[in-house]
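Take a look at the structure below.
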Amino acid sequence: MTTATLTRPSTLRRTVWEKLQKENSDLNEREWQERRIILSSVPRTFFMQLHAACNADCIFCSKGNGYPLFHLDEYLKRFGQELAPVLRRAQQVVLSGSGEFLGLPDAEHILEYLNNEFPHVDKFIATNASHLNPRMRELIAGSDSRYTLQLSLHASDAATHKLMMRYNAFDRVTENIRELQRLRGNTGNPKLYFMFVMTTLNVERLPDFVRFAKDMGADRVRAGYFYIYESQQKYLSLYFKPELANRCIDEARRVATEVGIEIELPHKFGQTAAPDPAMNFCREPWGQFMFSVDGRVLPCDIYGGFEDSLAEKSFLEIWDGPRYRAIRRALREGDGCFRTCPRHNPAGINEWPAHVIHRPKEPSQIMTEYNEAMAKP
Ligand SMILES: C[S@@+](CC[C@H](N)C(=O)[O-])C[C@H]1O[C@@H](n2cnc3c(N)ncnc32)[C@H](O)[C@@H]1O
Ligand code: SF4
């Protein structure tokens, strides 16, 4: 199929797809509860890594360098037919990747394709919000799909925004967000999440960011640690300022309660384990599948080396194959990547590997960089 042949599905087809989607979600939940190693369900979340160039230049980002650019026609030719039935049973498709995919020449076609072919599947987009032109806003707010936009801002004032993202777009971005607010009216579509990557340079402004998000009508604030891509970025890491990080997290939580907005914050430093044992788990390899247009697959965005590729194996060979099985088995025991996972393991945050992007680094290189960092933080 090419982009030119798209048509909207009938109501009957959509009803059938929604039924299949619900059956899959229920089965996937059961299989997760039972911690099955081999699954009959397909992922509830399908993460498409749409790599692109970027108009911003965030101080903490890899900026899409060295990743294959996404082309919709190439995707459809290589994987479209195989993956469409899987995607139809998913609950959500995440559209992110290295770079800014809404800046791709194909971006509007990609949204049209997903709206037409998978209207019942929720869409989640991570974006810097600078490319949201009227047509894109319409494709998002005016579609039959439910969208969530994670707006990566990291600042509530123009100067800090520029410091973090190294481009002059604060006014444009805030205007785009206001337009989206107007368009969504009372429908609640799209949901707007305000994203803040916490570094040594901006973390003290996180509480202000929470107030700003509330004033701008956001549905939720999400904050997360900066992970070191390149060793020269290490000065940005809160690994070196754990007390400061903890203080700002506490204050952000307090402000969120005061103004009345949902907030997702990372684990604080100094914890040993989650107070609730159910939180000592990661379910991502049971519920999520990430891939990029060259076929490379990852169980999650934090994972280091993972050798499987859709260029060599089918989706099912990978999803229930030896590598996915090994990860599920290790996680079931609280082992493997869970040990240093910054997202799911509260104790992991205390360790250096939780603050480093492992892809494509070897463990020995990470330790060399650690020694360098400790010699001259
Ligand atoms: C790589 S970006 C790509 C999508 C889009 N350009 C954006 O900024 O949202 C995806 C998400 O990763 C975050 N991110 C980028 N580099 C990061 C890093 N080194 N550590 C933690 N988060 C990072 C971004 O802020 C964004 O929320
Ligand atoms: S806007 Fe996104 S992709 Fe672009 S530089 Fe910033 S984090 Fe990276």
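Starting from 1 in every chain, residues are counted up; chains themselves are A, B, ... following the order of the structure tokens, and ligands are numbered from 1 as listed.
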
So that I can see what lies close to Leu331 of chain A, please list as a list in words the residues with an atom at most 10 Å from it, counting only C-alpha atoms and leaving out residues fewer than 4 positions away in the same chain.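 The residues satisfying every condition are Arg35, Asn280, Phe281, Cys282, Arg283, Glu284, Pro285, Arg325, Ala326, Ile327, Asp335, Gly336, Cys337, Phe338 and Arg339 of chain A.
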
Neighbouring residues of ligand 2 are defined here as those with any atom at most 10 Å from a ligand atom, counting only C-alpha atoms and all ligand atoms; list them as JSON, numbers by chain. {"A": [51, 52, 53, 54, 55, 56, 57, 58, 59, 60, 61, 62, 63, 64, 65, 96, 97, 98, 99, 100, 101, 103, 126, 127, 128, 129, 130, 151, 152, 153, 154, 164, 165, 166, 167, 197]}

Atoms kept (N, CA and C atoms) for selection, written as an mmCIF file, in the first residue's frame:
data_model
loop_
_atom_site.group_PDB
_atom_site.id
_atom_site.type_symbol
_atom_site.label_atom_id
_atom_site.label_comp_id
_atom_site.auth_asym_id
_atom_site.auth_seq_id
_atom_site.Cartn_x
_atom_site.Cartn_y
_atom_site.Cartn_z
ATOM 1 N N HIS A 51 12.637 8.589 13.381
ATOM 2 C CA HIS A 51 13.804 9.458 13.494
ATOM 3 C C HIS A 51 13.756 10.571 12.437
ATOM 4 N N ALA A 52 14.197 11.733 12.862
ATOM 5 C CA ALA A 52 14.142 12.910 11.985
ATOM 6 C C ALA A 52 15.269 13.854 12.375
ATOM 7 N N ALA A 53 15.491 14.851 11.531
ATOM 8 C CA ALA A 53 16.388 15.929 11.957
ATOM 9 C C ALA A 53 15.599 16.814 12.924
ATOM 10 N N CYS A 54 16.284 17.747 13.559
ATOM 11 C CA CYS A 54 15.563 18.598 14.510
ATOM 12 C C CYS A 54 15.937 20.057 14.335
ATOM 13 N N ASN A 55 14.931 20.929 14.502
ATOM 14 C CA ASN A 55 15.174 22.369 14.400
ATOM 15 C C ASN A 55 15.711 22.942 15.707
ATOM 16 N N ALA A 56 15.545 22.189 16.813
ATOM 17 C CA ALA A 56 16.118 22.632 18.087
ATOM 18 C C ALA A 56 17.483 21.973 18.269
ATOM 19 N N ASP A 57 18.113 22.312 19.373
ATOM 20 C CA ASP A 57 19.468 21.796 19.607
ATOM 21 C C ASP A 57 19.647 21.623 21.119
ATOM 22 N N CYS A 58 18.770 20.828 21.709
ATOM 23 C CA CYS A 58 18.750 20.712 23.174
ATOM 24 C C CYS A 58 20.118 20.294 23.695
ATOM 25 N N ILE A 59 20.505 20.903 24.794
ATOM 26 C CA ILE A 59 21.851 20.636 25.311
ATOM 27 C C ILE A 59 22.018 19.187 25.751
ATOM 28 N N PHE A 60 20.887 18.508 25.989
ATOM 29 C CA PHE A 60 20.982 17.153 26.544
ATOM 30 C C PHE A 60 20.703 16.063 25.517
ATOM 31 N N CYS A 61 20.480 16.423 24.252
ATOM 32 C CA CYS A 61 19.920 15.448 23.307
ATOM 33 C C CYS A 61 20.944 14.938 22.302
ATOM 34 N N SER A 62 20.623 13.760 21.695
ATOM 35 C CA SER A 62 21.492 13.225 20.634
ATOM 36 C C SER A 62 21.104 13.800 19.267
ATOM 37 N N LYS A 63 19.946 14.478 19.206
ATOM 38 C CA LYS A 63 19.503 15.247 18.027
ATOM 39 C C LYS A 63 19.368 14.451 16.743
ATOM 40 N N GLY A 64 19.142 13.202 16.843
ATOM 41 C CA GLY A 64 18.844 12.443 15.626
ATOM 42 C C GLY A 64 20.068 12.090 14.798
ATOM 43 N N ASN A 65 21.250 12.468 15.260
ATOM 44 C CA ASN A 65 22.432 12.177 14.450
ATOM 45 C C ASN A 65 22.666 10.673 14.379
ATOM 46 N N SER A 96 7.617 8.752 18.449
ATOM 47 C CA SER A 96 8.715 9.562 18.956
ATOM 48 C C SER A 96 9.964 9.106 18.223
ATOM 49 N N GLY A 97 11.112 9.276 18.842
ATOM 50 C CA GLY A 97 12.345 8.879 18.169
ATOM 51 C C GLY A 97 13.366 9.960 18.371
ATOM 52 N N SER A 98 14.455 9.831 17.683
ATOM 53 C CA SER A 98 15.476 10.836 17.803
ATOM 54 C C SER A 98 15.153 11.942 16.807
ATOM 55 N N GLY A 99 15.179 13.181 17.282
ATOM 56 C CA GLY A 99 14.819 14.281 16.389
ATOM 57 C C GLY A 99 13.350 14.646 16.516
ATOM 58 N N GLU A 100 12.886 15.499 15.609
ATOM 59 C CA GLU A 100 11.531 16.048 15.704
ATOM 60 C C GLU A 100 10.710 15.563 14.517
ATOM 61 N N PHE A 101 9.892 14.519 14.741
ATOM 62 C CA PHE A 101 9.230 13.894 13.594
ATOM 63 C C PHE A 101 8.179 14.805 12.964
ATOM 64 N N GLY A 103 8.584 17.628 12.140
ATOM 65 C CA GLY A 103 9.297 18.445 11.159
ATOM 66 C C GLY A 103 9.605 17.691 9.866
ATOM 67 N N ALA A 126 5.583 12.669 21.133
ATOM 68 C CA ALA A 126 6.524 13.540 21.853
ATOM 69 C C ALA A 126 7.021 14.581 20.855
ATOM 70 N N THR A 127 6.871 15.843 21.221
ATOM 71 C CA THR A 127 7.217 16.907 20.272
ATOM 72 C C THR A 127 7.709 18.158 20.989
ATOM 73 N N ASN A 128 8.513 18.947 20.278
ATOM 74 C CA ASN A 128 8.921 20.231 20.856
ATOM 75 C C ASN A 128 7.878 21.326 20.584
ATOM 76 N N ALA A 129 6.802 20.973 19.885
ATOM 77 C CA ALA A 129 5.638 21.855 19.683
ATOM 78 C C ALA A 129 5.895 23.034 18.744
ATOM 79 N N SER A 130 7.017 23.024 18.049
ATOM 80 C CA SER A 130 7.308 24.181 17.194
ATOM 81 C C SER A 130 6.739 24.038 15.783
ATOM 82 N N LEU A 151 4.582 17.626 25.328
ATOM 83 C CA LEU A 151 5.217 18.841 24.816
ATOM 84 C C LEU A 151 6.517 19.066 25.585
ATOM 85 N N SER A 152 7.617 18.893 24.893
ATOM 86 C CA SER A 152 8.932 18.983 25.544
ATOM 87 C C SER A 152 9.346 20.438 25.616
ATOM 88 N N LEU A 153 9.267 21.007 26.803
ATOM 89 C CA LEU A 153 9.511 22.444 26.965
ATOM 90 C C LEU A 153 10.667 22.724 27.915
ATOM 91 N N HIS A 154 10.699 22.012 29.035
ATOM 92 C CA HIS A 154 11.820 22.073 29.992
ATOM 93 C C HIS A 154 11.998 23.438 30.647
ATOM 94 N N MET A 164 18.042 25.790 27.352
ATOM 95 C CA MET A 164 17.933 24.332 27.295
ATOM 96 C C MET A 164 17.874 23.821 25.858
ATOM 97 N N MET A 165 17.146 24.543 24.999
ATOM 98 C CA MET A 165 16.844 23.987 23.664
ATOM 99 C C MET A 165 17.611 24.686 22.539
ATOM 100 N N ARG A 166 18.306 25.733 22.887
ATOM 101 C CA ARG A 166 19.172 26.455 21.969
ATOM 102 C C ARG A 166 18.507 26.807 20.641
ATOM 103 N N TYR A 167 17.265 27.271 20.740
ATOM 104 C CA TYR A 167 16.627 27.936 19.598
ATOM 105 C C TYR A 167 15.624 28.934 20.158
ATOM 106 N N VAL A 197 12.791 17.838 31.201
ATOM 107 C CA VAL A 197 13.974 17.016 31.471
ATOM 108 C C VAL A 197 14.811 17.760 32.508
#

Enumerate as a PyMOL selection string all residues of segment 42-261 of chain A assigned to alpha helix (DSSP H) by DSSP on the backbone, naming them with the chain letters and numbers the document uses. chain A and resi 72-75+81-89+107-117+134-141+158-165+170-184+206-215+242-259

Measuring between only C-alpha atoms and all ligand atoms, which one of A:Leu50, A:Glu82, A:His267, A:Pro119 shows the shortest distance to ligand 1? A:Leu50

For atom CA of Glu243 of chain A and atom CA of Val210 of chain A, quote the distance in Å rounded to one decimal.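 According to the coordinates, atom CA of Glu243 of chain A and atom CA of Val210 of chain A are separated by 19.9 Å.
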
Name all residues at most 8 Å from Phe209 of chain A (count only C-alpha atoms; drop same-chain ones fewer than 2 positions away) and give them as a PyMOL selection string. chain A and resi 154-156+205-207+211-213

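Of the listed residues (A:Leu83, A:Leu76, A:Leu102, A:Val16), A:Leu102 comes nearest to ligand 1; the distances count only C-alpha atoms and all ligand atoms.
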
Which distance in Å separates atom CA of Ile125 of chain A and atom CA of Arg13 of chain A, to one decimal?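 Spanning atom CA of Ile125 of chain A to atom CA of Arg13 of chain A is a straight-line distance of 25.2 Å.
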
Residues at most 9 Å from segment 307-309 of chain A, counting only C-alpha atoms, excluding those fewer than 4 positions away in the same chain, as a PDB file with C-alpha atoms, in the first residue's frame?
ATOM      1  CA  PHE A 291      11.096  -0.433  16.299  1.00  0.00           C
ATOM      2  CA  ASP A 294      15.594   0.096   9.493  1.00  0.00           C
ATOM      3  CA  GLY A 295      13.976  -2.755  11.457  1.00  0.00           C
ATOM      4  CA  ARG A 296      15.909  -2.383  14.710  1.00  0.00           C
ATOM      5  CA  VAL A 297      13.873  -3.460  17.728  1.00  0.00           C
ATOM      6  CA  LEU A 298      14.021  -2.473  21.398  1.00  0.00           C
ATOM      7  CA  LYS A 313      12.916 -11.911  11.569  1.00  0.00           C
ATOM      8  CA  SER A 314       9.151 -11.599  11.598  1.00  0.00           C
ATOM      9  CA  PHE A 315       7.390  -9.681  14.361  1.00  0.00           C
ATOM     10  CA  ILE A 318      10.961 -11.572  17.840  1.00  0.00           C
ATOM     11  CA  ARG A 323      15.660 -12.583  23.478  1.00  0.00           C
TER      12      ARG A 323
END

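Note that atom CA of Met195 of chain A and atom CA of Glu251 of chain A are 16.7 Å apart.
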
Leaving out Tyr303 of chain A and any residue of its chain fewer than 2 positions from it, which residues lie within 9 Å of it when counting only C-alpha atoms, given as a ChimeraX atom specification? /A:298-301,305-306,337,341,357-359

12 Å contact set for segment 345-350 of chain A, only C-alpha atoms, chain neighbours under 5 positions out, as JSON, numbers by chain: {"A": [224, 225, 226, 227, 237, 238, 239, 240, 241, 242, 243, 245, 246, 265, 266, 267, 268, 269, 270, 271, 272, 273, 274, 275, 276, 277, 278, 279, 280, 281, 282, 331, 334, 335, 336, 337, 338, 339, 340, 355, 356]}

Print the selection's residues with N, CA and C atoms to a file, as a CSV table (one decimal), in the first residue's frame.
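selection33.csv written:
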chain,number,residue,atom,x,y,z
A,224,GLY,N,11.6,14.1,34.2
A,224,GLY,CA,12.5,12.9,34.3
A,224,GLY,C,13.9,13.4,34.3
A,225,TYR,N,14.8,12.5,34.8
A,225,TYR,CA,16.2,12.8,34.8
A,225,TYR,C,16.7,12.9,33.4
A,226,PHE,N,17.7,13.7,33.3
A,226,PHE,CA,18.6,13.8,32.1
A,226,PHE,C,19.5,12.5,32.1
A,227,TYR,N,19.6,11.8,31.0
A,227,TYR,CA,20.5,10.7,30.8
A,227,TYR,C,21.7,11.2,29.9
A,237,SER,N,24.2,16.3,34.7
A,237,SER,CA,23.5,15.2,35.4
A,237,SER,C,23.3,15.5,36.9
A,238,LEU,N,22.1,15.1,37.3
A,238,LEU,CA,21.8,15.3,38.8
A,238,LEU,C,22.4,14.2,39.6
A,239,TYR,N,23.0,13.3,39.0
A,239,TYR,CA,23.8,12.3,39.8
A,239,TYR,C,24.7,13.0,40.7
A,240,PHE,N,25.2,14.1,40.3
A,240,PHE,CA,26.2,14.8,41.1
A,240,PHE,C,25.5,15.8,42.1
A,241,LYS,N,24.2,15.9,42.1
A,241,LYS,CA,23.5,16.8,43.0
A,241,LYS,C,22.3,16.2,43.5
A,242,PRO,N,22.4,15.1,44.2
A,242,PRO,CA,21.2,14.3,44.7
A,242,PRO,C,20.3,15.1,45.6
A,243,GLU,N,20.9,15.9,46.5
A,243,GLU,CA,20.1,16.6,47.5
A,243,GLU,C,19.3,17.6,46.8
A,245,ALA,N,18.3,17.6,43.7
A,245,ALA,CA,17.2,16.9,42.9
A,245,ALA,C,16.1,16.5,43.9
A,246,ASN,N,16.4,15.9,45.0
A,246,ASN,CA,15.3,15.5,46.0
A,246,ASN,C,14.5,16.7,46.4
A,265,LEU,N,6.8,12.3,38.6
A,265,LEU,CA,8.1,12.6,39.0
A,265,LEU,C,9.0,11.4,39.1
A,266,PRO,N,10.3,11.5,38.9
A,266,PRO,CA,11.2,10.3,39.0
A,266,PRO,C,11.4,10.0,40.4
A,267,HIS,N,12.0,8.8,40.6
A,267,HIS,CA,12.4,8.4,41.9
A,267,HIS,C,13.4,9.3,42.5
A,268,LYS,N,13.3,9.5,43.8
A,268,LYS,CA,14.3,10.4,44.5
A,268,LYS,C,15.6,9.5,44.8
A,269,PHE,N,16.7,10.2,45.0
A,269,PHE,CA,17.9,9.6,45.4
A,269,PHE,C,17.8,9.1,46.8
A,270,GLY,N,18.6,8.0,47.0
A,270,GLY,CA,18.8,7.5,48.4
A,270,GLY,C,17.8,6.4,48.8
A,271,GLN,N,16.9,6.0,47.9
A,271,GLN,CA,15.9,5.0,48.3
A,271,GLN,C,16.5,3.6,48.1
A,272,THR,N,16.0,2.6,48.8
A,272,THR,CA,16.5,1.3,48.7
A,272,THR,C,15.6,0.5,47.8
A,273,ALA,N,14.3,0.5,48.1
A,273,ALA,CA,13.3,-0.3,47.2
A,273,ALA,C,12.0,0.4,47.3
A,274,ALA,N,11.1,0.1,46.4
A,274,ALA,CA,9.8,0.7,46.4
A,274,ALA,C,9.0,0.3,47.6
A,275,PRO,N,8.3,1.3,48.2
A,275,PRO,CA,7.5,0.9,49.4
A,275,PRO,C,6.4,-0.2,49.1
A,276,ASP,N,5.9,-0.1,47.8
A,276,ASP,CA,4.9,-1.0,47.4
A,276,ASP,C,5.6,-2.1,46.5
A,277,PRO,N,5.6,-3.4,46.9
A,277,PRO,CA,6.3,-4.4,46.2
A,277,PRO,C,5.8,-4.5,44.7
A,278,ALA,N,4.6,-4.1,44.5
A,278,ALA,CA,4.0,-4.2,43.1
A,278,ALA,C,4.8,-3.2,42.2
A,279,MET,N,5.4,-2.2,42.8
A,279,MET,CA,6.1,-1.2,42.0
A,279,MET,C,7.5,-1.7,41.6
A,280,ASN,N,7.9,-2.8,42.3
A,280,ASN,CA,9.3,-3.3,42.0
A,280,ASN,C,9.2,-4.2,40.7
A,281,PHE,N,8.5,-3.7,39.7
A,281,PHE,CA,8.4,-4.5,38.5
A,281,PHE,C,8.4,-3.6,37.3
A,282,CYS,N,8.8,-4.2,36.2
A,282,CYS,CA,8.7,-3.5,34.9
A,282,CYS,C,7.9,-4.4,34.0
A,331,LEU,N,13.3,-10.3,34.3
A,331,LEU,CA,12.5,-9.3,35.0
A,331,LEU,C,11.6,-10.0,36.1
A,334,GLY,N,13.2,-10.1,39.1
A,334,GLY,CA,13.8,-8.8,39.6
A,334,GLY,C,15.2,-8.6,39.2
A,335,ASP,N,15.6,-9.2,38.1
A,335,ASP,CA,17.0,-9.2,37.7
A,335,ASP,C,17.2,-8.5,36.4
A,336,GLY,N,18.4,-8.8,35.7
A,336,GLY,CA,18.6,-8.2,34.4
A,336,GLY,C,18.6,-6.7,34.4
A,337,CYS,N,18.0,-6.1,33.4
A,337,CYS,CA,18.1,-4.6,33.2
A,337,CYS,C,17.4,-3.9,34.4
A,338,PHE,N,16.5,-4.7,35.1
A,338,PHE,CA,15.8,-4.0,36.2
A,338,PHE,C,16.7,-3.5,37.2
A,339,ARG,N,17.9,-4.1,37.4
A,339,ARG,CA,18.8,-3.7,38.5
A,339,ARG,C,19.2,-2.3,38.4
A,340,THR,N,19.4,-1.8,37.2
A,340,THR,CA,19.8,-0.4,37.0
A,340,THR,C,18.8,0.5,36.3
A,355,HIS,N,22.1,6.7,34.9
A,355,HIS,CA,22.1,8.0,34.4
A,355,HIS,C,22.8,8.2,33.0
A,356,VAL,N,23.0,7.0,32.4
A,356,VAL,CA,23.7,7.0,31.2
A,356,VAL,C,22.9,6.3,30.1
